[in-house]
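The structure appears right after this line, and notes come after that.
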Amino acid sequence: MSRILVIGGGAIGLLTARELAEAGAQVTLIERGETGRESSWAGGGILSPLYPWRYAESLTALANWSQARYSDLCRELQAASGVDPECLPSGLLILDPEERTAALGWAQAHAMRLEQLQPTALAELEPALGHTADGALWLPEIGQVRNPRFARALRRAVEARVLVREHEGVTELLITAGRIQGVRTHQGILEADRVVVCAGAWTAKLLAQLGDPPAVEPVRGQMMVFLIQPGEIRHIVLYRDRYIIPRRDGHVLIGSTLEYTGFDKATTAEAKEQLYRAAGALFPLLRHSPIEHHWAGLRPGSPNGIPYIGAHPQVEGLFFNAGHFRNGVITGPASARLVADLMLARSPILDPSPYGLHASR
Ligand SMILES: Cc1cc2nc3c(=O)[nH]c(=O)nc-3n(C[C@H](O)[C@H](O)[C@H](O)COP(=O)(O)OP(=O)(O)OC[C@H]3O[C@@H](n4cnc5c(N)ncnc54)[C@H](O)[C@@H]3O)c2cc1C
């Protein structure tokens, strides 16, 4: 049986470990802190790229593959873990009128359900919206998961088959004669036949020892959550790059900023003010609702948001699955399956060439 090490316990590492263990591999996952506490905790959990028509086909292919399987995945995770990831078919309203032409062309090309809503239909669908005069684009099939619960469900679901080592940071990849031998951690050496790096925003740091690391860099995102009566806001709403996500229990998220501030996870008063204003402009009731929490996470940014998935060209047995930028929750299941296909020499679900280390992005 092959011994595989997965480095990083975010959504990508957990999904990858799950795929590999399901195929019968002996898998150990190593996480520097606690699993599911970084970007995968901080995100919004929308099961679609924002403005999906702005992305390359290679990103759309990962998102579409995952979208078709998300409700089954959540059902399986809940059955295995007892944790409900709150996979809800909320639907997505996009209020930017200038997106219409691109959106309609994209929806037709990808057989996605997308409707144009007139102002009265929009006001009926989402009565608490402050501004309905321009109508909206309506994507009824887009859903969401609740990130902390999704990560917890994944963690519990893999525990039966994957050895999870937390509070153990990998400090070095051990390579002899062009082959991976294992890793060095703060606690010692772990040997392995294959290693897959799923270290999110920290991936380039880990691969830097090899020279020419992938162009993954931290991109800070700040979010806030309000608490209102459940059902007062019903759908995910997107307008001018800000989005509102209503959870089932009345929590309502507003996101997010996009900041190139290195590995700094601090929140700022300026972002809080911007998010608060954007939330109140979309839904006036939020101006009078309590803010429960304001936080920041570090997305694993990559050129054009296209993740790095594949084998390292110089080191046998070394793989990566990282750089999912704004879309790691929605593209995660496909990425995990694809990297597992490549590691286990199975026929891949998608052409892997756009995700290679040196693929043009
Ligand atoms: C504000 C915000 C909103 C978002 N909204 C959405 C959304 O709506 N939909 C969507 O699809 N995506 C969204 N995302 C993006 C998504 O959250 C990320 O793409 C995804 O979580 C990346 O997962 P990951 O496992 O690669 O990274 P992470 O979750 O950051 O996990 C990486 C893990 O690797 C560990 N690690 C790093 N270095 C080492 C080491 N040396 N040794 C051991 N462990 C190590 C870290 O501790 C961490 O736990 C959002 C992100 C943010 C920040």
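Every chain in the structure tokens takes a letter, A first, then B, and so on in the order presented; its residues are numbered from 1, and the ligands are numbered from 1 following the presented order.
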Self-check item: Within 6 Å of ligand 1, counting only C-alpha atoms and all ligand atoms, residues as a VMD selection string
Solution: chain A and resid 7 to 13 30 to 33 35 to 40 42 to 47 169 to 171 198 to 202 221 to 223 256 297 to 299 322 324 to 330
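Residue nearest Glu126 of chain A within the list A:Ala153, A:Ile233, A:Leu73, A:Leu59: A:Ile233 [criterion: smallest interatomic distance, only C-alpha atoms].
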Between atom CA of Arg18 of chain A and atom CA of Glu316 of chain A lies a distance of 22.2 Å
Mind checking which residues fall within 10 Å of Ser90 of chain A, counting only C-alpha atoms, ignoring those fewer than 6 positions away in the same chain, and posting them as a PDB file with C-alpha atoms, in the first residue's frame?
ATOM      1  CA  ILE A  46     -20.816  30.344  -2.501  1.00  0.00           C
ATOM      2  CA  LEU A  47     -20.899  27.366  -4.856  1.00  0.00           C
ATOM      3  CA  LEU A 139     -29.225  31.962 -11.284  1.00  0.00           C
ATOM      4  CA  PRO A 140     -31.577  29.699  -9.344  1.00  0.00           C
ATOM      5  CA  GLU A 141     -29.239  26.687  -9.235  1.00  0.00           C
ATOM      6  CA  ILE A 142     -26.363  28.314  -7.365  1.00  0.00           C
ATOM      7  CA  GLY A 143     -26.073  27.184  -3.759  1.00  0.00           C
ATOM      8  CA  GLN A 144     -23.872  27.653  -0.724  1.00  0.00           C
ATOM      9  CA  VAL A 145     -22.246  25.751   2.122  1.00  0.00           C
ATOM     10  CA  ARG A 234     -33.562  34.815   1.161  1.00  0.00           C
ATOM     11  CA  HIS A 235     -30.996  34.627  -1.630  1.00  0.00           C
ATOM     12  CA  ILE A 236     -27.318  35.268  -2.302  1.00  0.00           C
ATOM     13  CA  VAL A 237     -27.034  38.753  -3.803  1.00  0.00           C
ATOM     14  CA  ILE A 245     -25.042  35.411   1.873  1.00  0.00           C
ATOM     15  CA  PRO A 246     -28.013  34.549   4.107  1.00  0.00           C
ATOM     16  CA  ARG A 247     -27.482  31.465   6.284  1.00  0.00           C
ATOM     17  CA  ARG A 248     -30.429  29.369   7.404  1.00  0.00           C
TER      18      ARG A 248
END
Identify, on the basis of only C-alpha atoms, every residue whose closest approach to Thr268 of chain A does not exceed 10 Å; exclude the query and any residue fewer than 5 positions from it along the same chain; express the result as a PyMOL selection string.
chain A and resi 222+273+294-296
With only C-alpha atoms as the counted atoms, please give the residues lying no more than 7 Å from Leu338 of chain A, apart from itself and same-chain residues fewer than 6 positions off, as a ChimeraX atom specification. /A:348-350
Same residues, C-alpha atoms, saved as a PDB file, in the first residue's frame:
ATOM      1  CA  PRO A 348      -8.183  11.952 -15.218  1.00  0.00           C
ATOM      2  CA  ILE A 349     -11.642  13.516 -15.005  1.00  0.00           C
ATOM      3  CA  LEU A 350     -10.378  16.583 -16.903  1.00  0.00           C
TER       4      LEU A 350
END
*Pick out the residues sitting within 10 Å of Asp264 of chain A, and hand them over as a list of chain:residue names; count only C-alpha atoms, and ignore anything fewer than 3 positions along from it in its own chain.*
A:Pro218, A:Val219, A:Arg220, A:Glu259, A:Tyr260, A:Thr261, A:Thr267, A:Ala296, A:Gly297, A:Leu298
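Closest approach to Ile180 of chain A among A:Gly323, A:Gly82, A:Gly317, A:Gly356: A:Gly317, based on only C-alpha atoms.
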Subject >> Sel. of strand (DSSP E) residues, segment 179-256 of chain A, as a PyMOL selection string >> reply: chain A and resi 179-185+188-191+194-197+217-227+236-239+242-246+251-255
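Near Leu95 of chain A, within 8 Å and counting only C-alpha atoms, sit Asp134, Gly135, Ala136, Leu137, Val237, Leu238 and Tyr239 of chain A, not including residues fewer than 6 positions from it in the same chain.
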note - atom CA of Thr101 of chain A and atom CA of Ala56 of chain A are separated by 17.3 Å
